[in-house]
Every structure is written in C-alpha cells, then in structure tokens.
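Worksheet: the structure to be examined is printed underneath.
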Amino acid sequence: MKKSLKGFVSVMALSMILSACALDSSSQQESSSSASKATKQSTSAEVKEYKATDLSALPDKAKARKDMFIAGISAPGGVFLPYFYENGWDGNATDPMFAPLVNLDEEGKPVGILAEKWDVSDDQLTYTFHLRKGLKFSDGSPLTADDVAFTLTLLHDPAYAGYQDISLAAIKGGKDYKEGKAKTIEGIKVIDKETIEITTEKVNAKSLLLLGGQVLSKAYYGKEYQYGKLDYLKELYPKPVGAGPYKFVKYVPDQEIRYVANENYYAGKPKTKNLIFKVIDTTTSLQLFETGELDYAGFSADDDTVEQLKSLGFANIQVGPVNDFGFIYVNNTRPQFKGKNVRQALIYGLDRQKIVDVKFKGYGEVANVPVSKVSWAYNEEGINKYEFNAKKAKELLDQAGWKVGKDGIREKDGKPFVVRYLTRAADDPIIPIAKENYEDIGIKFEPEIMDFNALVAKLNDKDYDLASVSTSQILDPSDPVEEFATGNPNNAAGYSNPKVDELIQKGLSTLDIEKRKGIYHDLYKELNENPPVILIHYRQSARAISGQIQGLNPDNYTGISASLPNISIKK
Amino acid sequence: MKQYVLQRFLQMIVILFGTSFIIFFLFAMLPGDYIDSNINLTPQRAQELKALYGLDKPVLERYFSWLGNALHGDFGYSLKHQEKVTSLLNKYVWNSFFVAIFALLLTWSIALVTGVFSAIKQYSWFDGFVTFFVFAAMSFPSFFISLLFIKWFGVDLQILPIGGMIDTGSDSTGLAYLFEVGKHMILPVIILTLLSIGSLTRYFRTGMLEVIRQDYIRTARAKGLKERVVIFKHALKNAMLPAITLLAFELPGLFSGAIIMEQIFNWPGVGRIQLESVSFRDYPVLMAFTMFLSCLTIIGNFLADVIYAAVDPRIRLK
C-alpha cells in the first residue's frame, strides 16, 4: 500500500535520540511525527482529548494567519508523483494533490472519493467503478475512465520500478502486457467516460485499494508514453497535476511544500486557501508549535510533552494509539525454536510489561494480537495474555528437553541455549530486560546492534535468532499476518502452520468485513496458541492542533489528508 | 618547483583512482542493498527491480560501468531521490557551504586573535579565561548547545528563528531574501564556531608560544624593536606557517555539511543527504559525494604542499 513502502518502523523514530532521528524520520515509514499518521476515535481504541483552554494565548504568528494552514512533514524528497516516489514522505506530500478512487475512512473501511460507487461481481473477481460526474484535474481538464485505465496500464509497464506491485491484484492480461505479449491489458475495460470495469483472476480483499488508487492524467502524464520507456516522467516529478483538494505551488527543497486550494476539486474548493507542509525535525517540533510556526504537529507521547502541550493553553491535544505494533522475530527454522513450547517459554519468560513501561512511560501497552488496536479486526477475546511467569517458562523449557547445565545455561544434545538478538538501537530497553529475564530462565542472551538494511538482509537470509522490529502502518489486517503463511516469500520467521495458512487465505478471500472479523479472530487465537513471534507493544502518540483550526480530524489511515478540504480558521 | 608541482599532481591522479576503487568496494560490501530494505516486495519483484537498477551484476562490472560514466561526467540517478546526482548535490551543497564558510571565517579570526593574545600574555587572567571558555565551548555536545540556544533565542526571547532557511511561506527576493537567510544563519554559524574554535585557539597559542621562545625573536628584541613589530612581523608569520596545512584540510569540511547542526536547525544542507544515502544504500549518491569529498581532500593536500613549498624554501630543497 502506498505509505508502507518499508516494512518496519523502528520505535526509535519516536525517541528523541539525535543521532537516530535523521535516519528514522527519513525512512519511509510513518512515525507519529508529521502530517501523516495520526489517531482518532475508533471502535476499539480510546483517545484522550484535551481541549484548548485559552485561545488568547495563541502566538502572534499563528493569529496572523487567516487563510493558511501549516502542518509538519519530516523529510520529503521532491518526487511528487504517486507510484513513482521512493520516499514515504513524498507520499504524504502528494496526498493533497492526487485524489484516489477509493480511500479508507477513519475505521479502515473503504469509502469512495473520486468513485461515487463501485460494484463487485458475485464471484468477487470483477470490479466496476462508477466515477463521479464532471470530475476535473486541477488544470481544468476532464478526468475520465480513460485516465484510470492509463494509470493501471502504466503500473504494468516493464520499466516501472516503483513501490506498487500491481501484480498482486492479478488483473487479467496484466502479465501478458508486461511481457510484451499483448498491446493492451485484457482485463481493463472502459465502458463509458464514467465507468470502468476491471477483471481480476484472483480474489483478494486488498485489490479494491490497489485498483482504486490515485488517478494520473493521461493527457498530462501519458503524452509521451511509449511502452517500456518511463524516463520522460522524471521531468514531471516536480510539476504535479492531480485531482486532489489542493494544487501544487512550489517546493523549497528541505524547507517546505506550498499548495493552494484547487477550485476544480469535485467537492468544492477547500475552505482554507493556502496549505504548507513545513519540513521539521522531531527535536524542535514542539518549539515550532509553541511559537506558532505550525498549526498541527505529532509527538511521541510522554508526560513531559503532554504536560507542556497542555500548559500552552491554545492547543487541542489528542493522545491515542498508533496504527502499528512492535514485535521480535523468532527464527522458527532454527532447531532450538522449532517447538512451540520454546517459543511460548520465550514469551512467558520475558517481562514485556516492563519493556513497554520503560519504552513508552505509560503511553504503551503489551501487544497480544498481531494487529493494532485501531483496526476493525482487533479482538482480544479468548486470547492468552502470556503474563510474565518465569516459573512457567522454565517448565516449558524443561518439557522441551532443555536441561540446566553446569554454569546455569540450559543445554540440549550438548549445545548451550544461546540466542543472538538483533536490534537497531543501542539504547533498546529490550536489551537489559531480556538479558536479565532470559538468563534467569537459563538462556544466554547476546545483543547485536546494526543498521536497518543490514538487519533486513539478515532477516531475509534467516541468519538470526531474534530480531526486534515494528510494523509499518497497517491498512488492512492482512498486512501484518500474511507473511506467516507457509511459503510466503516474506516469511522471515520461517513459520509454518497449516491452520494459519488456511485462515490467512480465507481472510483475503472475501470482501465482507463482518465475515473477515470472525476469520481474523480465529487466526489470532491460533497465532496466540502457537506463536510465530514475540509480540511486544502497542504505542500511543500525541497530536496537537492549534486552537483556531477547525474541521481537522486526523485519523489512523489517511492522517490529515482526509480532512484537508474541511479545514477552516476561526476568525 | 615546476617539476615538484607536476610530480605531486600525477600522484594525486593515481590516488584518486585508488580511492574510488576502495570506496566502491567498501560500499558494495555493506550488507543489504537499496532494494533489500523494502521488505514488502515479493522476491520476484525484488529481482525485477534489481535488474532494472543493475544491482544484479557483479561488483567489478558495476565499478567499471560506474567509472566509465563518471569519467564522462555522468554520476547517474539517485535511487531514492529519482533525480540526477549532480543536480541533487548541487541543490544542497551550497547551503552547507555558506554556513561553513562563515563559520570558518569567524572561527579563524577569533581563534587567531585570542590564540595570539593568550600566548603573549601567557598565564594572565585573559589567558585563563580564554582557555576556560574555549574548552567549555568545545566540550558541550553539539545537540545540547543547539537546543539550549534555540530555547533561549528562539522560544524565550523570540529574536531568532528556530530553524529552517527562510520564513514559512515567505516569497521575499533580493536583499530581503539575503537578510532573511542571514537571520536564519546566525545560530547555526555561532554553534559551528563555538564547536571548532577551541582546538584552533589552542593550536595558535601553542604555535605562537613556540616561536616567541626562538632565538631570532630574542635577537629582534635585543635589536630594540618595538614589541608590536616583534610579535606581528617576526613571530606571527612563522607561527602561522603550520596553519597552512590546517587550512587546506578545511577545504572538504566546507562542503561536507554538519549533520547534527543541519538536522536540529532544519538547515537544508548536504549532511542529511549523505547520511540518508548510507542508510538507504543509495550507491550513486554515496559514490559521487564521497568521491567529491575525497577529491577536495586530495586537492587540499596538494594545495597545502604547493603553498608550503612556495612560502618555505626548506621544503623544496628536500
């Protein structure tokens, strides 16, 4: 999905450790620190809100802004074309300019944007999108089904090297087009100006969003298109034209991106004329907000930050869960981790509550199901919480045949139980806690610190014992679990469980959310009983919105972009 | 002299090729490449992408194709920024340069004056104060002192901007633009100066102390020359001699960017680009920029040797 280019977010992104900030904020994930992922009311997740108490405390700079909204962004790169940027922040930067056919609402359910509605055939293979009437791009040219067809065709071009893997949607004839065997894609049929029918070959609950993505103008981006040649698009990266609520004005490298309201937007011209995404660094975002340079900013949640935000008086503050979770990979392919007893022992034997407390200082929770608390699939009913229990862990290890050796380290077949733990942060609180906990149950724990790419390379090669990671933003509950399927190419845990395989498959084979809820609940129970990894945390973040801004409702799926057209400034 | 310069120049070319070779291989040896870091890709797609980017070829072949293109002035496209490496670096490197050059000028002039005066008045209260101050400035971690200054001048007093290079949404041009950028530059320049002034002051002080103990200074004084002439005409020139080497080494530093400062002040410099290129294995940027800095270092060395030879005949005679 578009914003989760990279698989993992290091939780370090939230900490204020300086040396790591550049790396983390520039990596392609959403940390809570920008115009991006934010949290709002959701069915299963409670959000604490603190209203602004004293609007007269607004800094003069903020008061002076009557038709401008400024939000922070971490590290855009200047490639303003959906599907072609290589930096997740550019994704945030393109959101206001390029509207999709379908997006997710605040509960993670699909909602039509440029598409008025869509039909899915009974066999769930054919999608028919009905576009709204009279749609226009920001340059005034009409947006039709041809543009949608062009966008999907472009993604099948053999020269396309971007993040979107359209083959997952399995459009009929897509492969033939890519291999040069067909001139057009058989499964894409333009019925009339406002209707397009797409036939796929595989039922996939995630296809709707893949097919209903942001629409590129054929007249603008397809003018020079030749099969197999996409380099001409590079010229257009800095000159975006889309159908979003705002249009592009100027990019000042590493400083800010300026937009102006798009009078051709289907829902009417946005209320606030000017929009600026200002490049900020997490170390000073609080100061920028305090002095009125920003109208909206996200922070890592901790008492100091929340108290300071409250003391400003002019900020509306929301503290709520983030749409991701953290876990430790366990290499199931290594003999010592093959038995589920051992993996259970690793969870029982680790004081996860303490880790979460140290890491998030009261703004985090121990994770027990592999999906975030904001997802519609989240359900902890009937789930074993694996509360810290060293005795239980020892019993399980005894059962698995790991006997305590002479120096207190367990042994089996003459081999001592030593685990090597890979992490990105030298100050990772898991290191001291796990070292103490695991040595107590007779497992020797050896931490190793490395950078992201090196860690991923080791994960891919399954050259590790334990490795600490965090998911990217979870758009669909299938995202974080599908890798646990046997034979999934991204199965870094090397986990294999026929029951899980079946449930993962089932979870994707229907588009009915109510049915999917039940399937995922069964899946979570099975993954809980026979754990592939050690789930660690859910975390929270804090968001501050300047008191004079109205209509801004950051959510967990689109961040602030869904509410951009509605923002107004109290006069 | 001509032969000496020519000889040093040829050496320089050889060193450059050697460096490019070593750098390329060191980077290639880093585990994981640009595509690997995207773990959401299916292996099939990853393989396709590696082929598109040419990452599936053997290292030696990649090196020679890189070298061939580089010799034609083509440093390729950044994988991450999807734009020409030369235009990417050009966009950011000057921002780093302007902060660095002002910091350099400030550092050298302050260090020269305070260093020389501390030496002349060795063990005086002035010397003690300067020594204390420069060591204190040097010992503060840069992020700490930066945040402290931001709090004092940006948040409490609100006289200087917190970060960035221009005011948000500003469209100023000409003189107003220069003034605006200058205002945003004050804190970064001060911080950089504070951090580097310590060692340089001590360096000048020691150099001066050594020289004023020399026999020819005593002779100059014995001749009845005024103290001012002795110090500034006879002593200073010789004390400055080793500084030539030091100055030449500053050359790459002018363009390399100050990573921590740039980050805290949101200064759009090249430091972040460089750090990012390492962490994302963006080889074209990494290679081009590291080679650029190596070139500057080697040229700096070359210049230092040549200038040194020009001002100090003893070097040439060897």
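Chains: A, B, ... in order of the structure tokens. Residues: from 1 per chain. Ligands: from 1, in order shown.
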
Residue list (alpha helix (DSSP H), DSSP) for range 38-227 of chain A, as a count of residues only: 36

Selection: 10 Å around Lys237 in chain B, only C-alpha atoms, excl. self and same-chain fewer than 5 positions, as a list in words: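 In the requested form, the answer reads Met208, Val211, Ile231 and Phe232 of chain B.
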
Could you build a table of the residues in chain A lying no more than 7 Å from chain B, giving for each the nearest pair of atoms and their separation in Å rounded to one decimal place, using only C-alpha atoms, ordered by chain and ascending residue number, as a Markdown table?
| residue | atom | partner | partner_atom | distance |
| --- | --- | --- | --- | --- |
| A:Leu5 | CA | B:Asn38 | CA | 6.4 |
| A:Lys6 | CA | B:Asn38 | CA | 4.8 |
| A:Gly7 | CA | B:Ile39 | CA | 5.3 |
| A:Ala22 | CA | B:Arg272 | CA | 6.9 |
| A:Leu23 | CA | B:Glu276 | CA | 6.4 |
| A:Gly77 | CA | B:His81 | CA | 5.8 |
| A:Val79 | CA | B:His81 | CA | 6.8 |
| A:Glu86 | CA | B:Lys80 | CA | 5.3 |
| A:Asn87 | CA | B:Lys80 | CA | 6.7 |
| A:Ala161 | CA | B:Leu49 | CA | 5.9 |
| A:Pro253 | CA | B:Pro268 | CA | 7.0 |
| A:Asp254 | CA | B:Pro268 | CA | 5.1 |
| A:Gln255 | CA | B:Gly164 | CA | 6.3 |
| A:Ile280 | CA | B:Asn266 | CA | 6.4 |
| A:Asp281 | CA | B:Ile264 | CA | 6.5 |
| A:Thr283 | CA | B:Ile264 | CA | 6.4 |
| A:Thr284 | CA | B:Ile264 | CA | 6.9 |
| A:Gln287 | CA | B:Val155 | CA | 6.6 |
| A:Leu288 | CA | B:Ile162 | CA | 6.9 |
| A:Thr291 | CA | B:Val155 | CA | 6.5 |
| A:Asn453 | CA | B:Ser37 | CA | 5.1 |
| A:Ala454 | CA | B:Pro31 | CA | 5.0 |
| A:Val456 | CA | B:Ser37 | CA | 6.1 |
| A:Ala457 | CA | B:Gly32 | CA | 5.0 |
| A:Pro489 | CA | B:Thr42 | CA | 6.1 |
| A:Asn490 | CA | B:Thr42 | CA | 6.8 |

Would you put the residues from that selection into a file with N, CA and C atoms, as a PDB file, in the first residue's frame?
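So the final result, stored in again26.pdb, reads:
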ATOM      1  N   LEU A   5       5.902   1.632   2.368  1.00  0.00           N
ATOM      2  CA  LEU A   5       6.928   1.128   1.482  1.00  0.00           C
ATOM      3  C   LEU A   5       7.875   0.228   2.220  1.00  0.00           C
ATOM      4  N   LYS A   6       8.278   0.672   3.356  1.00  0.00           N
ATOM      5  CA  LYS A   6       9.250  -0.111   4.101  1.00  0.00           C
ATOM      6  C   LYS A   6       8.491  -0.925   5.113  1.00  0.00           C
ATOM      7  N   GLY A   7       9.027  -2.044   5.415  1.00  0.00           N
ATOM      8  CA  GLY A   7       8.308  -2.940   6.280  1.00  0.00           C
ATOM      9  C   GLY A   7       8.253  -2.532   7.728  1.00  0.00           C
ATOM     10  N   ALA A  22      17.641  11.401  12.068  1.00  0.00           N
ATOM     11  CA  ALA A  22      17.715  11.620  10.632  1.00  0.00           C
ATOM     12  C   ALA A  22      17.339  10.345   9.913  1.00  0.00           C
ATOM     13  N   LEU A  23      17.901   9.280  10.376  1.00  0.00           N
ATOM     14  CA  LEU A  23      17.650   8.015   9.716  1.00  0.00           C
ATOM     15  C   LEU A  23      16.181   7.646   9.805  1.00  0.00           C
ATOM     16  N   GLY A  77      11.236  14.226  -0.458  1.00  0.00           N
ATOM     17  CA  GLY A  77      12.388  14.186  -1.352  1.00  0.00           C
ATOM     18  C   GLY A  77      12.186  14.927  -2.653  1.00  0.00           C
ATOM     19  N   VAL A  79       9.900  14.060  -5.144  1.00  0.00           N
ATOM     20  CA  VAL A  79       9.305  13.299  -6.245  1.00  0.00           C
ATOM     21  C   VAL A  79       7.801  13.320  -6.034  1.00  0.00           C
ATOM     22  N   GLU A  86      10.112   7.389  -4.036  1.00  0.00           N
ATOM     23  CA  GLU A  86      10.801   6.311  -3.330  1.00  0.00           C
ATOM     24  C   GLU A  86      10.883   6.629  -1.842  1.00  0.00           C
ATOM     25  N   ASN A  87      10.191   7.664  -1.438  1.00  0.00           N
ATOM     26  CA  ASN A  87      10.326   8.152  -0.073  1.00  0.00           C
ATOM     27  C   ASN A  87       8.917   8.343   0.453  1.00  0.00           C
ATOM     28  N   ALA A 161       9.546   0.912 -12.011  1.00  0.00           N
ATOM     29  CA  ALA A 161      10.412   0.429 -10.926  1.00  0.00           C
ATOM     30  C   ALA A 161       9.979   0.954  -9.569  1.00  0.00           C
ATOM     31  N   PRO A 253      13.344  23.029  -1.506  1.00  0.00           N
ATOM     32  CA  PRO A 253      13.958  21.780  -1.045  1.00  0.00           C
ATOM     33  C   PRO A 253      14.281  21.795   0.445  1.00  0.00           C
ATOM     34  N   ASP A 254      13.821  20.755   1.115  1.00  0.00           N
ATOM     35  CA  ASP A 254      14.107  20.564   2.522  1.00  0.00           C
ATOM     36  C   ASP A 254      13.540  21.652   3.424  1.00  0.00           C
ATOM     37  N   GLN A 255      12.698  22.521   2.896  1.00  0.00           N
ATOM     38  CA  GLN A 255      12.135  23.583   3.725  1.00  0.00           C
ATOM     39  C   GLN A 255      10.617  23.492   3.803  1.00  0.00           C
ATOM     40  N   ILE A 280      10.120  19.600   9.226  1.00  0.00           N
ATOM     41  CA  ILE A 280      10.510  19.809  10.620  1.00  0.00           C
ATOM     42  C   ILE A 280      11.358  18.640  11.103  1.00  0.00           C
ATOM     43  N   ASP A 281      12.010  18.866  12.195  1.00  0.00           N
ATOM     44  CA  ASP A 281      12.759  17.790  12.824  1.00  0.00           C
ATOM     45  C   ASP A 281      12.115  17.530  14.177  1.00  0.00           C
ATOM     46  N   THR A 283      13.218  16.973  16.957  1.00  0.00           N
ATOM     47  CA  THR A 283      13.837  17.609  18.122  1.00  0.00           C
ATOM     48  C   THR A 283      13.263  18.989  18.388  1.00  0.00           C
ATOM     49  N   THR A 284      12.785  19.674  17.343  1.00  0.00           N
ATOM     50  CA  THR A 284      12.312  21.039  17.579  1.00  0.00           C
ATOM     51  C   THR A 284      10.843  21.236  17.209  1.00  0.00           C
ATOM     52  N   GLN A 287       8.942  23.161  19.860  1.00  0.00           N
ATOM     53  CA  GLN A 287       9.263  24.594  19.871  1.00  0.00           C
ATOM     54  C   GLN A 287       8.572  25.315  18.726  1.00  0.00           C
ATOM     55  N   LEU A 288       8.518  24.656  17.566  1.00  0.00           N
ATOM     56  CA  LEU A 288       7.868  25.279  16.404  1.00  0.00           C
ATOM     57  C   LEU A 288       6.372  25.457  16.656  1.00  0.00           C
ATOM     58  N   THR A 291       5.775  28.300  19.226  1.00  0.00           N
ATOM     59  CA  THR A 291       5.926  29.671  18.745  1.00  0.00           C
ATOM     60  C   THR A 291       4.976  29.989  17.593  1.00  0.00           C
ATOM     61  N   ASN A 453      19.186  -1.701   6.983  1.00  0.00           N
ATOM     62  CA  ASN A 453      19.366  -2.565   5.810  1.00  0.00           C
ATOM     63  C   ASN A 453      20.093  -3.859   6.150  1.00  0.00           C
ATOM     64  N   ALA A 454      21.072  -3.754   7.026  1.00  0.00           N
ATOM     65  CA  ALA A 454      21.814  -4.946   7.409  1.00  0.00           C
ATOM     66  C   ALA A 454      20.886  -5.910   8.141  1.00  0.00           C
ATOM     67  N   VAL A 456      17.620  -6.128   7.825  1.00  0.00           N
ATOM     68  CA  VAL A 456      16.676  -6.716   6.875  1.00  0.00           C
ATOM     69  C   VAL A 456      17.356  -7.799   6.045  1.00  0.00           C
ATOM     70  N   ALA A 457      18.597  -7.534   5.645  1.00  0.00           N
ATOM     71  CA  ALA A 457      19.316  -8.539   4.862  1.00  0.00           C
ATOM     72  C   ALA A 457      19.440  -9.830   5.667  1.00  0.00           C
ATOM     73  N   PRO A 489       6.933 -15.571   0.433  1.00  0.00           N
ATOM     74  CA  PRO A 489       8.327 -15.168   0.233  1.00  0.00           C
ATOM     75  C   PRO A 489       8.863 -14.240   1.328  1.00  0.00           C
ATOM     76  N   ASN A 490       7.972 -13.543   2.017  1.00  0.00           N
ATOM     77  CA  ASN A 490       8.452 -12.644   3.068  1.00  0.00           C
ATOM     78  C   ASN A 490       8.365 -13.265   4.452  1.00  0.00           C
TER      79      ASN A 490
END

Arg65 in chain A environment, 10 Å, only C-alpha atoms, sequence neighbours closer than 5 positions dropped, as a short mmCIF file (atom, residue, chain, number, x, y, z; two decimals) with N, CA, C and O atoms, in the first residue's frame:
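The file below, selection_14.cif, is the result:
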data_model
loop_
_atom_site.label_atom_id
_atom_site.label_comp_id
_atom_site.auth_asym_id
_atom_site.auth_seq_id
_atom_site.Cartn_x
_atom_site.Cartn_y
_atom_site.Cartn_z
N ASP A 60 1.38 35.18 18.22
CA ASP A 60 1.01 36.17 17.20
C ASP A 60 1.14 35.62 15.79
O ASP A 60 0.34 35.90 14.92
N ILE A 70 -0.60 25.32 8.31
CA ILE A 70 0.76 24.78 8.22
C ILE A 70 0.88 23.50 9.04
O ILE A 70 0.61 23.50 10.24
N ASN A 274 -4.55 28.53 1.51
CA ASN A 274 -3.16 28.09 1.40
C ASN A 274 -2.83 26.96 2.35
O ASN A 274 -3.28 26.95 3.50
N GLY A 292 4.08 29.05 17.28
CA GLY A 292 3.07 29.34 16.27
C GLY A 292 3.53 29.13 14.84
O GLY A 292 2.86 29.57 13.91
N ASP A 295 0.61 24.67 12.75
CA ASP A 295 -0.76 24.56 13.24
C ASP A 295 -1.06 23.16 13.72
O ASP A 295 -2.03 22.92 14.42
N GLN A 548 -7.18 27.56 16.91
CA GLN A 548 -8.00 28.29 15.94
C GLN A 548 -8.35 27.47 14.70
O GLN A 548 -9.09 27.94 13.85
N ILE A 569 -10.28 28.31 9.55
CA ILE A 569 -9.61 29.02 10.64
C ILE A 569 -10.60 29.95 11.31
O ILE A 569 -11.25 30.76 10.66
N LYS A 571 -12.08 32.92 12.99
CA LYS A 571 -11.66 34.32 12.88
C LYS A 571 -11.87 35.04 14.20
O LYS A 571 -12.74 34.68 14.97
#

Atom-to-atom span, CA of Lys193 in chain A and CA of Asp95 in chain A, Å: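 Value for the CA of Lys193 in chain A-CA of Asp95 in chain A distance: 24.3 Å.
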
Selected residue, from B:Gly257, B:Gly224, B:Gly182, B:Gly76, that lies nearest to Val270 in chain B when counting only C-alpha atoms: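 So, comparing all the options, the nearest one is B:Gly257.
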
For Thr245 in chain B, work out the shell of residues within 12 Å, counting only C-alpha atoms and skipping chain neighbours fewer than 6 positions away, then give it as a CSV table (one decimal) with N, CA, C and O atoms, in the first residue's frame.
chain,number,residue,atom,x,y,z
B,251,LEU,N,39.2,22.5,3.6
B,251,LEU,CA,38.6,22.5,2.3
B,251,LEU,C,37.4,21.5,2.1
B,251,LEU,O,36.3,21.9,1.8
B,297,THR,N,39.8,16.7,-0.5
B,297,THR,CA,40.8,16.4,0.5
B,297,THR,C,42.1,16.3,-0.2
B,297,THR,O,43.2,16.9,0.2
B,299,ILE,N,42.9,17.5,-3.2
B,299,ILE,CA,43.3,18.8,-3.7
B,299,ILE,C,43.8,19.7,-2.6
B,299,ILE,O,44.8,20.4,-2.8
B,300,GLY,N,43.1,19.6,-1.5
B,300,GLY,CA,43.6,20.4,-0.3
B,300,GLY,C,45.0,20.1,0.1
B,300,GLY,O,45.8,21.0,0.3
B,301,ASN,N,45.3,18.8,0.1
B,301,ASN,CA,46.6,18.3,0.4
B,301,ASN,C,47.6,18.9,-0.6
B,301,ASN,O,48.7,19.4,-0.3
B,302,PHE,N,47.2,18.8,-1.9
B,302,PHE,CA,48.1,19.2,-3.0
B,302,PHE,C,48.4,20.7,-2.8
B,302,PHE,O,49.5,21.2,-2.9
B,303,LEU,N,47.3,21.5,-2.6
B,303,LEU,CA,47.5,22.9,-2.4
B,303,LEU,C,48.4,23.2,-1.3
B,303,LEU,O,49.3,24.1,-1.3
B,304,ALA,N,48.1,22.5,-0.2
B,304,ALA,CA,49.0,22.7,1.0
B,304,ALA,C,50.4,22.5,0.7
B,304,ALA,O,51.3,23.3,1.1
B,305,ASP,N,50.7,21.4,0.0
B,305,ASP,CA,52.1,21.1,-0.3
B,305,ASP,C,52.7,22.2,-1.2
B,305,ASP,O,53.8,22.7,-1.0
B,306,VAL,N,51.9,22.6,-2.2
B,306,VAL,CA,52.5,23.6,-3.1
B,306,VAL,C,52.7,24.9,-2.4
B,306,VAL,O,53.7,25.6,-2.6
B,307,ILE,N,51.7,25.4,-1.6
B,307,ILE,CA,51.8,26.7,-1.0
B,307,ILE,C,52.9,26.6,0.1
B,307,ILE,O,53.8,27.5,0.2
B,308,TYR,N,53.0,25.5,0.8
B,308,TYR,CA,54.0,25.3,1.8
B,308,TYR,C,55.4,25.5,1.1
B,308,TYR,O,56.3,26.1,1.6
B,309,ALA,N,55.5,24.8,0.0
B,309,ALA,CA,56.8,24.8,-0.8
B,309,ALA,C,57.1,26.3,-1.2
B,309,ALA,O,58.2,26.7,-1.2

Contacts of Pro531 in chain A within 10 Å, only C-alpha atoms, excl. fewer than 4 positions in-chain, as JSON, numbers by chain: {"A": [330, 332, 340, 341, 342, 343, 344, 347, 495, 524, 525, 526, 527, 535]}

Within 10 Å of Val404 in chain A using only C-alpha atoms, minus same-chain residues under 2 positions, as a VMD selection string: chain A and resid 394 397 to 398 401 to 402 406 to 412 416 to 417 441 to 443

Take the residues just selected and output them with N, CA and C atoms as a tab-separated table (two decimals), in the first residue's frame.
chain	number	residue	atom	x	y	z
A	394	LYS	N	10.26	-21.82	32.67
A	394	LYS	CA	11.23	-22.87	32.99
A	394	LYS	C	10.63	-24.25	32.76
A	397	LEU	N	10.49	-25.05	29.10
A	397	LEU	CA	11.82	-25.37	28.57
A	397	LEU	C	12.24	-26.76	29.01
A	398	ASP	N	11.92	-27.11	30.28
A	398	ASP	CA	12.22	-28.47	30.76
A	398	ASP	C	11.53	-29.50	29.88
A	401	GLY	N	13.01	-30.34	26.73
A	401	GLY	CA	14.27	-31.08	26.78
A	401	GLY	C	15.49	-30.22	26.99
A	402	TRP	N	15.29	-28.96	27.32
A	402	TRP	CA	16.44	-28.08	27.60
A	402	TRP	C	16.73	-28.15	29.10
A	406	LYS	N	25.88	-26.91	33.74
A	406	LYS	CA	26.67	-26.63	34.94
A	406	LYS	C	26.79	-25.13	35.25
A	407	ASP	N	26.87	-24.28	34.23
A	407	ASP	CA	27.02	-22.85	34.51
A	407	ASP	C	25.67	-22.11	34.50
A	408	GLY	N	24.58	-22.89	34.66
A	408	GLY	CA	23.26	-22.24	34.74
A	408	GLY	C	22.62	-22.04	33.38
A	409	ILE	N	23.34	-22.31	32.30
A	409	ILE	CA	22.77	-22.17	30.95
A	409	ILE	C	22.20	-23.52	30.52
A	410	ARG	N	20.99	-23.48	29.97
A	410	ARG	CA	20.36	-24.73	29.55
A	410	ARG	C	21.10	-25.36	28.37
A	411	GLU	N	21.01	-26.68	28.30
A	411	GLU	CA	21.68	-27.40	27.22
A	411	GLU	C	20.76	-28.47	26.67
A	412	LYS	N	20.96	-28.79	25.41
A	412	LYS	CA	20.24	-29.92	24.81
A	412	LYS	C	21.20	-30.51	23.78
A	416	PRO	N	24.64	-25.43	24.23
A	416	PRO	CA	24.04	-24.46	25.15
A	416	PRO	C	22.97	-23.62	24.44
A	417	PHE	N	21.99	-23.14	25.23
A	417	PHE	CA	20.93	-22.31	24.67
A	417	PHE	C	21.38	-20.85	24.65
A	441	ILE	N	16.06	-17.67	33.28
A	441	ILE	CA	15.47	-18.97	32.92
A	441	ILE	C	16.48	-19.86	32.20
A	442	GLY	N	17.75	-19.44	32.21
A	442	GLY	CA	18.80	-20.31	31.68
A	442	GLY	C	19.08	-20.17	30.19
A	443	ILE	N	18.77	-18.98	29.63
A	443	ILE	CA	19.08	-18.76	28.22
A	443	ILE	C	20.08	-17.61	28.14

Coordinates-based distance that separates CA of Gly320 in chain A from CA of Gly547 in chain A (Å, one decimal):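 Separation of CA of Gly547 in chain A and CA of Gly320 in chain A: 18.5 Å.
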
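Counting only C-alpha atoms, the residue from A:Glu514, A:Glu502, A:Glu179, A:Glu293 that sits nearest to Ala377 in chain A is A:Glu514.
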
Residue neighbourhood Leu114 in chain A, 7 Å, only C-alpha atoms, exclusion window fewer than 3 positions, as a list in words: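 These residues fall inside the cut-off: Ala99, Pro100, Leu101, Val102, Leu131 and Arg132 of chain A.
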
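The shortest atom-to-atom distance to Ile191 in chain B, with only C-alpha atoms taken into account, belongs to B:Phe140 out of B:Tyr283, B:Trp108, B:Phe64, B:Phe140.
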
Distance in Å - CA of Met138 in chain B versus CA of Thr114 in chain B: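 Separating CA of Met138 in chain B from CA of Thr114 in chain B is a distance of 15.1 Å.
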
DSSP-assigned strand (DSSP E or B) among range 360-568 of chain A, expressed as a ChimeraX atom specification: /A:364-366,403-404,410-412,415-416,418-423,444-449,466-471,533-546,549-550,555,559,568
